[in-house]
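For reference, my_file10.pdb is printed below; it contains PDB, C-alpha atoms and all ligand atoms.
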```pdb
ATOM      1  CA  MET A 417     170.295 180.092  54.793
ATOM      2  CA  GLY A 418     167.143 180.366  52.731
ATOM      3  CA  ARG A 419     163.533 181.448  52.994
ATOM      4  CA  SER A 420     161.122 180.064  55.556
ATOM      5  CA  GLU A 421     160.069 176.468  54.714
ATOM      6  CA  ALA A 422     163.066 175.985  52.400
ATOM      7  CA  GLY A 423     164.025 173.046  54.604
ATOM      8  CA  LYS A 424     167.023 174.352  56.567
ATOM      9  CA  THR A 425     166.098 172.779  59.892
ATOM     10  CA  THR A 426     165.060 169.508  58.269
ATOM     11  CA  LEU A 427     168.357 169.328  56.390
ATOM     12  CA  THR A 428     170.217 170.088  59.611
ATOM     13  CA  GLN A 429     168.441 167.135  61.240
ATOM     14  CA  ALA A 430     169.229 164.909  58.234
ATOM     15  CA  LEU A 431     172.909 165.892  58.261
ATOM     16  CA  LYS A 432     173.074 165.017  61.934
ATOM     17  CA  GLY A 433     171.273 161.705  61.389
ATOM     18  CA  GLU A 434     168.422 162.767  63.670
ATOM     19  CA  LYS A 435     164.782 161.793  63.477
ATOM     20  CA  ILE A 436     163.015 164.378  61.282
ATOM     21  CA  ARG A 437     160.490 166.490  63.226
ATOM     22  CA  TYR A 438     159.042 169.893  62.492
ATOM     23  CA  GLU A 439     160.459 172.736  64.530
ATOM     24  CA  LYS A 440     160.008 176.360  63.489
ATOM     25  CA  THR A 441     163.286 178.268  63.750
ATOM     26  CA  GLN A 442     162.793 181.405  65.853
ATOM     27  CA  TYR A 443     166.405 182.447  66.336
ATOM     28  CA  VAL A 444     169.822 181.447  65.083
ATOM     29  CA  ASN A 445     170.638 177.960  66.324
ATOM     30  CA  TYR A 446     174.189 176.765  66.738
ATOM     31  CA  PHE A 447     174.468 173.006  66.603
ATOM     32  CA  ASP A 448     177.969 171.638  67.119
ATOM     33  CA  VAL A 449     179.067 172.360  63.558
ATOM     34  CA  ILE A 450     175.967 173.703  61.820
ATOM     35  CA  ILE A 451     174.447 177.177  62.037
ATOM     36  CA  ASP A 452     170.712 177.105  61.246
ATOM     37  CA  THR A 453     169.060 180.481  60.647
ATOM     38  CA  PRO A 454     165.394 181.530  60.499
ATOM     39  CA  GLY A 455     163.987 182.086  57.004
ATOM     40  CA  GLU A 456     162.759 185.505  58.068
ATOM     41  CA  TYR A 457     166.377 186.660  58.133
ATOM     42  CA  ALA A 458     166.573 186.074  54.386
ATOM     43  CA  GLN A 459     163.148 187.599  53.771
ATOM     44  CA  THR A 460     163.361 190.775  55.848
ATOM     45  CA  ALA A 461     165.746 193.568  54.866
ATOM     46  CA  SER A 462     166.373 194.776  58.434
ATOM     47  CA  LEU A 463     167.248 191.263  59.619
ATOM     48  CA  SER A 464     169.242 190.230  56.571
ATOM     49  CA  HIS A 465     172.425 191.917  57.800
ATOM     50  CA  ALA A 466     172.664 189.248  60.475
ATOM     51  CA  LEU A 467     173.131 186.638  57.755
ATOM     52  CA  ALA A 468     176.214 188.457  56.500
ATOM     53  CA  LEU A 469     177.720 188.231  59.989
ATOM     54  CA  TYR A 470     176.856 184.574  60.480
ATOM     55  CA  ALA A 471     178.299 183.759  57.050
ATOM     56  CA  TYR A 472     181.697 184.884  58.330
ATOM     57  CA  GLU A 473     181.449 182.449  61.224
ATOM     58  CA  ALA A 474     181.084 179.572  58.781
ATOM     59  CA  ASP A 475     183.592 177.727  56.586
ATOM     60  CA  VAL A 476     180.941 176.880  54.029
ATOM     61  CA  VAL A 477     177.682 178.723  53.405
ATOM     62  CA  GLY A 478     174.715 176.798  52.007
ATOM     63  CA  LEU A 479     172.093 178.667  49.993
ATOM     64  CA  LEU A 480     168.934 176.583  50.195
ATOM     65  CA  LEU A 481     166.152 176.698  47.687
ATOM     66  CA  ALA A 482     163.188 174.325  47.797
ATOM     67  CA  ALA A 483     162.446 172.896  44.357
ATOM     68  CA  ASN A 484     158.819 174.026  44.686
ATOM     69  CA  GLU A 485     159.577 177.682  45.471
ATOM     70  CA  PRO A 486     157.739 179.905  42.989
ATOM     71  CA  TYR A 487     160.427 182.596  42.877
ATOM     72  CA  THR A 488     163.930 183.121  44.173
ATOM     73  CA  LEU A 489     165.196 185.514  46.804
ATOM     74  CA  TYR A 490     168.770 185.296  45.553
ATOM     75  CA  PRO A 491     169.968 188.082  43.267
ATOM     76  CA  PRO A 492     172.447 187.312  40.467
ATOM     77  CA  CYS A 493     176.058 186.899  41.664
ATOM     78  CA  ILE A 494     175.130 187.336  45.345
ATOM     79  CA  THR A 495     177.807 184.785  46.298
ATOM     80  CA  ASN A 496     180.447 187.402  45.471
ATOM     81  CA  MET A 497     179.379 189.261  48.616
ATOM     82  CA  CYS A 498     180.882 186.507  50.723
ATOM     83  CA  ASN A 499     184.494 185.376  50.990
ATOM     84  CA  ARG A 500     183.496 181.875  52.030
ATOM     85  CA  GLU A 501     182.725 178.877  49.854
ATOM     86  CA  VAL A 502     179.032 179.070  48.936
ATOM     87  CA  VAL A 503     177.224 175.932  47.807
ATOM     88  CA  GLY A 504     173.692 175.680  46.473
ATOM     89  CA  ILE A 505     171.275 173.114  47.898
ATOM     90  CA  VAL A 506     167.980 172.242  46.234
ATOM     91  CA  THR A 507     165.590 170.609  48.722
ATOM     92  CA  LYS A 508     162.174 168.922  48.320
ATOM     93  CA  ILE A 509     163.258 167.462  44.986
ATOM     94  CA  HIS A 510     160.301 165.050  44.855
ATOM     95  CA  ASP A 511     157.595 167.537  45.730
ATOM     96  CA  PRO A 512     154.679 167.310  43.244
ATOM     97  CA  ASN A 513     155.356 170.948  42.284
ATOM     98  CA  ALA A 514     159.121 170.554  42.179
ATOM     99  CA  ARG A 515     160.928 172.306  39.345
ATOM    100  CA  VAL A 516     164.412 171.091  40.080
ATOM    101  CA  GLU A 517     166.077 172.470  36.955
ATOM    102  CA  ARG A 518     164.646 175.924  37.516
ATOM    103  CA  ALA A 519     165.850 175.920  41.125
ATOM    104  CA  GLU A 520     169.289 174.824  39.938
ATOM    105  CA  ALA A 521     169.349 177.614  37.342
ATOM    106  CA  TRP A 522     168.453 180.199  40.015
ATOM    107  CA  LEU A 523     171.266 178.971  42.252
ATOM    108  CA  ARG A 524     173.735 179.006  39.346
ATOM    109  CA  ARG A 525     172.700 182.552  38.524
ATOM    110  CA  ALA A 526     173.258 183.473  42.181
ATOM    111  CA  GLY A 527     176.839 182.261  41.704
ATOM    112  CA  CYS A 528     176.855 178.727  43.157
ATOM    113  CA  ARG A 529     179.189 176.327  41.363
ATOM    114  CA  ASP A 530     178.557 173.233  43.449
ATOM    115  CA  ILE A 531     174.885 172.387  43.775
ATOM    116  CA  PHE A 532     173.419 169.492  45.756
ATOM    117  CA  PHE A 533     169.977 167.962  45.355
ATOM    118  CA  VAL A 534     168.363 166.532  48.443
ATOM    119  CA  ASP A 535     165.197 165.103  49.867
ATOM    120  CA  SER A 536     165.946 165.527  53.555
ATOM    121  CA  LYS A 537     162.952 163.381  54.539
ATOM    122  CA  THR A 538     164.223 160.270  52.756
ATOM    123  CA  GLY A 539     167.881 161.212  53.088
ATOM    124  CA  GLU A 540     168.452 161.183  49.325
ATOM    125  CA  GLY A 541     171.476 163.297  48.402
ATOM    126  CA  VAL A 542     172.470 163.956  52.003
ATOM    127  CA  ALA A 543     175.508 161.647  51.825
ATOM    128  CA  ALA A 544     176.914 163.602  48.860
ATOM    129  CA  LEU A 545     176.631 166.825  50.829
ATOM    130  CA  LEU A 546     178.283 165.275  53.890
ATOM    131  CA  GLU A 547     181.059 163.973  51.672
ATOM    132  CA  HIS A 548     181.622 167.461  50.292
ATOM    133  CA  LEU A 549     181.808 168.909  53.807
ATOM    134  CA  ARG A 550     184.092 166.172  55.090
ATOM    135  CA  GLU A 551     187.291 167.278  56.755
ATOM    136  CA  PRO A 552     190.423 165.153  57.217
ATOM    137  CA  GLY A 553     189.812 162.660  60.009
ATOM    138  CA  ASP A 554     186.012 162.779  59.816
ATOM    139  CA  VAL A 555     184.380 159.353  59.925
ATOM    140  CA  MET A 556     181.036 159.128  58.163
ATOM    141  CA  PRO A 557     178.216 157.246  59.901
ATOM    142  CA  TRP A 558     178.214 154.540  57.209
ATOM    143  CA  GLU A 559     181.965 154.065  57.586
ATOM    144  CA  LYS A 560     181.807 153.553  61.326
ATOM    145  CA  GLN A 561     180.695 149.926  61.018
ATOM    146  CA  ASP A 562     183.417 149.176  58.416
ATOM    147  CA  GLU A 563     186.004 150.711  60.679
ATOM    148  CA  LEU A 564     184.880 148.622  63.667
ATOM    149  CA  GLU A 565     184.834 145.468  61.537
ATOM    150  CA  THR A 566     188.321 146.174  60.230
ATOM    151  CA  ALA A 567     189.446 146.518  63.813
ATOM    152  CA  GLY A 568     187.746 143.164  64.559
ATOM    153  CA  ILE A 569     185.053 144.654  66.804
ATOM    154  CA  SER A 570     181.383 144.090  66.031
ATOM    155  CA  GLU A 571     178.762 146.667  67.034
ATOM    156  CA  GLU A 572     177.143 144.172  69.511
ATOM    157  CA  HIS A 573     180.521 143.418  70.989
ATOM    158  CA  LYS A 574     181.171 147.113  71.502
ATOM    159  CA  GLU A 575     177.762 147.642  73.118
ATOM    160  CA  ALA A 576     178.317 144.710  75.474
ATOM    161  CA  GLU A 577     181.528 146.260  76.778
TER     162      GLU A 577
HETATM  163  N1  LIG B   1     159.591 165.947  51.413
HETATM  164  C1  LIG B   1     160.420 166.848  51.923
HETATM  165  N2  LIG B   1     159.952 167.716  52.853
HETATM  166  C2  LIG B   1     160.811 168.616  53.359
HETATM  167  C3  LIG B   1     162.165 168.701  52.925
HETATM  168  N3  LIG B   1     162.759 169.700  53.577
HETATM  169  C4  LIG B   1     161.819 170.226  54.405
HETATM  170  N4  LIG B   1     160.645 169.577  54.279
HETATM  171  C5  LIG B   1     159.393 169.899  55.000
HETATM  172  O1  LIG B   1     159.132 171.291  54.803
HETATM  173  C6  LIG B   1     158.660 171.896  56.000
HETATM  174  C7  LIG B   1     159.543 173.070  56.393
HETATM  175  O2  LIG B   1     160.848 172.575  56.683
HETATM  176  P1  LIG B   1     161.835 173.304  57.702
HETATM  177  O3  LIG B   1     163.088 172.487  57.707
HETATM  178  O4  LIG B   1     161.191 173.581  59.004
HETATM  179  O5  LIG B   1     162.082 174.700  56.961
HETATM  180  P2  LIG B   1     163.031 175.895  57.436
HETATM  181  O6  LIG B   1     163.775 176.332  56.226
HETATM  182  O7  LIG B   1     163.851 175.494  58.608
HETATM  183  O8  LIG B   1     161.970 177.014  57.835
HETATM  184  P3  LIG B   1     162.129 178.230  58.894
HETATM  185  O9  LIG B   1     162.613 177.652  60.187
HETATM  186  O10 LIG B   1     160.752 178.792  58.972
HETATM  187  O11 LIG B   1     163.089 179.204  58.293
HETATM  188  C8  LIG B   1     158.620 170.800  57.051
HETATM  189  O12 LIG B   1     157.294 170.303  57.117
HETATM  190  C9  LIG B   1     159.545 169.718  56.496
HETATM  191  O13 LIG B   1     159.167 168.428  56.901
HETATM  192  C10 LIG B   1     162.621 167.785  51.910
HETATM  193  O14 LIG B   1     163.773 167.796  51.450
HETATM  194  N5  LIG B   1     161.687 166.892  51.463
HETATM  195 MG    MG B   2     163.991 176.252  60.476
END
```
Spell out the structure here as structure tokens.
Ligand SMILES: Nc1nc2c(ncn2[C@@H]2O[C@H](COP(=O)(O)OP(=O)(O)OP(=O)(O)O)[C@@H](O)[C@H]2O)c(=O)[nH]1
Ligand SMILES: [Mg+2]
Amino acid sequence: MGRSEAGKTTLTQALKGEKIRYEKTQYVNYFDVIIDTPGEYAQTASLSHALALYAYEADVVGLLLAANEPYTLYPPCITNMCNREVVGIVTKIHDPNARVERAEAWLRRAGCRDIFFVDSKTGEGVAALLEHLREPGDVMPWEKQDELETAGISEEHKEAE
């Protein structure tokens, strides 16, 4: 969750290894394991209650903050409202107006202990986030090739089958 333009949908695409394309979020989207919410839910009091409900459907809640945001929506210690793990995610870290340390400080003040720094367009930092979210048995995209090679199967070989 996070305000509109914070980069929630773009990060969702990056986590799924998809081509990045702009798509305004108009309603809550359930991808297989990711719940992407519209920024308006975080910005509008009457809609914000929905975020509390969706948080309870998640194992991990990500509070997104773009590094170029001029102010924060997150009040101090807001993570205490939620009995799920809450991680902070700073996006747009290379924006010309990025103030990464300030964004990090805002997320720390909100109560996030683990904070990730990403540029979803280049993919920087996305692997660290995936690693954090990894569950036993998950195979990361970059491990797939190693696994096939260990098993003596090359990617071309597999495709030819
Ligand atoms: N360079 C860069 N651009 C980003 C990054 N994240 C998002 N953007 C751009 O910022 C714009 C808004 O990103 P979205 O992912 O649509 O933002 P959102 O949080 O889903 O916004 P809503 O759906 O309105 O709530 C798009 O043009 C993205 O390409 C990032 O990490 N780096
Ligand atoms: Mg969106």
List the neighbours of A:Pro512 out to 12 Å using all atoms listed in the file; skip same-chain residues closer than 2 positions along the sequence, and give me the result as a PyMOL selection string. chain A and resi 482-485+508-510+514-516
List as an mmCIF file with C-alpha atoms, in the frame of the given file the protein and nucleic acid residues lying within 10 Å of ligand LIG 1 (chain B), with all atoms listed in the file counted.
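Done, and the output landed in pocket17.cif:
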```cif
data_model
loop_
_atom_site.group_PDB
_atom_site.id
_atom_site.type_symbol
_atom_site.label_atom_id
_atom_site.label_comp_id
_atom_site.auth_asym_id
_atom_site.auth_seq_id
_atom_site.Cartn_x
_atom_site.Cartn_y
_atom_site.Cartn_z
ATOM 1 C CA MET A 417 170.295 180.092 54.793
ATOM 2 C CA GLY A 418 167.143 180.366 52.731
ATOM 3 C CA ARG A 419 163.533 181.448 52.994
ATOM 4 C CA SER A 420 161.122 180.064 55.556
ATOM 5 C CA GLU A 421 160.069 176.468 54.714
ATOM 6 C CA ALA A 422 163.066 175.985 52.400
ATOM 7 C CA GLY A 423 164.025 173.046 54.604
ATOM 8 C CA LYS A 424 167.023 174.352 56.567
ATOM 9 C CA THR A 425 166.098 172.779 59.892
ATOM 10 C CA THR A 426 165.060 169.508 58.269
ATOM 11 C CA LEU A 427 168.357 169.328 56.390
ATOM 12 C CA THR A 428 170.217 170.088 59.611
ATOM 13 C CA GLN A 429 168.441 167.135 61.240
ATOM 14 C CA ALA A 430 169.229 164.909 58.234
ATOM 15 C CA ILE A 436 163.015 164.378 61.282
ATOM 16 C CA ARG A 437 160.490 166.490 63.226
ATOM 17 C CA TYR A 438 159.042 169.893 62.492
ATOM 18 C CA GLU A 439 160.459 172.736 64.530
ATOM 19 C CA LYS A 440 160.008 176.360 63.489
ATOM 20 C CA THR A 441 163.286 178.268 63.750
ATOM 21 C CA GLN A 442 162.793 181.405 65.853
ATOM 22 C CA TYR A 443 166.405 182.447 66.336
ATOM 23 C CA VAL A 444 169.822 181.447 65.083
ATOM 24 C CA ASP A 452 170.712 177.105 61.246
ATOM 25 C CA THR A 453 169.060 180.481 60.647
ATOM 26 C CA PRO A 454 165.394 181.530 60.499
ATOM 27 C CA GLY A 455 163.987 182.086 57.004
ATOM 28 C CA GLU A 456 162.759 185.505 58.068
ATOM 29 C CA TYR A 457 166.377 186.660 58.133
ATOM 30 C CA ALA A 458 166.573 186.074 54.386
ATOM 31 C CA GLN A 459 163.148 187.599 53.771
ATOM 32 C CA LEU A 480 168.934 176.583 50.195
ATOM 33 C CA LEU A 481 166.152 176.698 47.687
ATOM 34 C CA ALA A 482 163.188 174.325 47.797
ATOM 35 C CA ALA A 483 162.446 172.896 44.357
ATOM 36 C CA ILE A 505 171.275 173.114 47.898
ATOM 37 C CA VAL A 506 167.980 172.242 46.234
ATOM 38 C CA THR A 507 165.590 170.609 48.722
ATOM 39 C CA LYS A 508 162.174 168.922 48.320
ATOM 40 C CA ILE A 509 163.258 167.462 44.986
ATOM 41 C CA HIS A 510 160.301 165.050 44.855
ATOM 42 C CA ASP A 511 157.595 167.537 45.730
ATOM 43 C CA PRO A 512 154.679 167.310 43.244
ATOM 44 C CA PHE A 533 169.977 167.962 45.355
ATOM 45 C CA VAL A 534 168.363 166.532 48.443
ATOM 46 C CA ASP A 535 165.197 165.103 49.867
ATOM 47 C CA SER A 536 165.946 165.527 53.555
ATOM 48 C CA LYS A 537 162.952 163.381 54.539
ATOM 49 C CA THR A 538 164.223 160.270 52.756
ATOM 50 C CA GLY A 539 167.881 161.212 53.088
ATOM 51 C CA GLU A 540 168.452 161.183 49.325
ATOM 52 C CA GLY A 541 171.476 163.297 48.402
ATOM 53 C CA VAL A 542 172.470 163.956 52.003
#
```
Selection: 9 Å around A:Cys498, all atoms listed in the file, excl. self and same-chain fewer than 2 positions, as a list in words: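 Counting only the stated atoms, we get Ala468, Ala471, Tyr472, Val477, Ile494, Thr495, Asn496, Arg500, Glu501 and Val502 of chain A.
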Proximity to ligand MG 2 (chain B) - best of A:Gly433, A:Ile451, A:Val476, A:Leu463, only C-alpha atoms and all ligand atoms: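 Counting only C-alpha atoms and all ligand atoms, the residue closest to ligand MG 2 (chain B) is A:Ile451.
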Pairwise distance, atom CA of A:His548 with atom CA of A:Ala519, equals 20.1 Å
Nearest to ligand MG 2 (chain B) by atom-to-atom distance, counting only C-alpha atoms and all ligand atoms, from A:Leu469, A:Asn445, A:Gly568, A:Pro486: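 Among the listed residues, the smallest separation from ligand MG 2 (chain B) belongs to A:Asn445.
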Could you check the closest approach to A:Ala474 for each of A:Leu549, A:Arg525, A:Val555, A:Glu517 and tell me which residue wins, using all atoms listed in the file? A:Leu549
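Note that the spacing between atom CA of A:Lys432 and atom CA of A:Phe532 amounts to 16.8 Å.
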Take atom CA of A:Asp530 and atom CA of A:Ala544 and report the distance between them in Å, one decimal.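 These two atoms are separated by 11.2 Å.
Considering all atoms listed in the file, the residue among A:Ala461, A:Tyr487, A:Pro552, A:Asn499 positioned nearest to A:Trp522 is A:Tyr487.
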Box for stretch 507-523 of chain A: with edges along x, y and z, all listed atoms inside and 4 Å added on each side, what are the centre and edge lengths in Å to one decimal, as lines of an AutoDock Vina configuration file?
```
center_x = 163.0
center_y = 172.6
center_z = 42.8
size_x = 24.6
size_y = 23.1
size_z = 19.8
```
For the PyMOL selection byres (((chain A and resi 490) around 8) and not hetatm), applied here, can you spell out every residue it catches as JSON, numbers by chain? {"A": [488, 489, 491, 492, 494, 522, 523, 526]}
Output of the above residues as a CSV table (one decimal), in the coordinates of the input, restricted to C-alpha atoms:
```csv
chain,number,residue,atom,x,y,z
A,488,THR,CA,163.9,183.1,44.2
A,489,LEU,CA,165.2,185.5,46.8
A,491,PRO,CA,170.0,188.1,43.3
A,492,PRO,CA,172.4,187.3,40.5
A,494,ILE,CA,175.1,187.3,45.3
A,522,TRP,CA,168.5,180.2,40.0
A,523,LEU,CA,171.3,179.0,42.3
A,526,ALA,CA,173.3,183.5,42.2
```
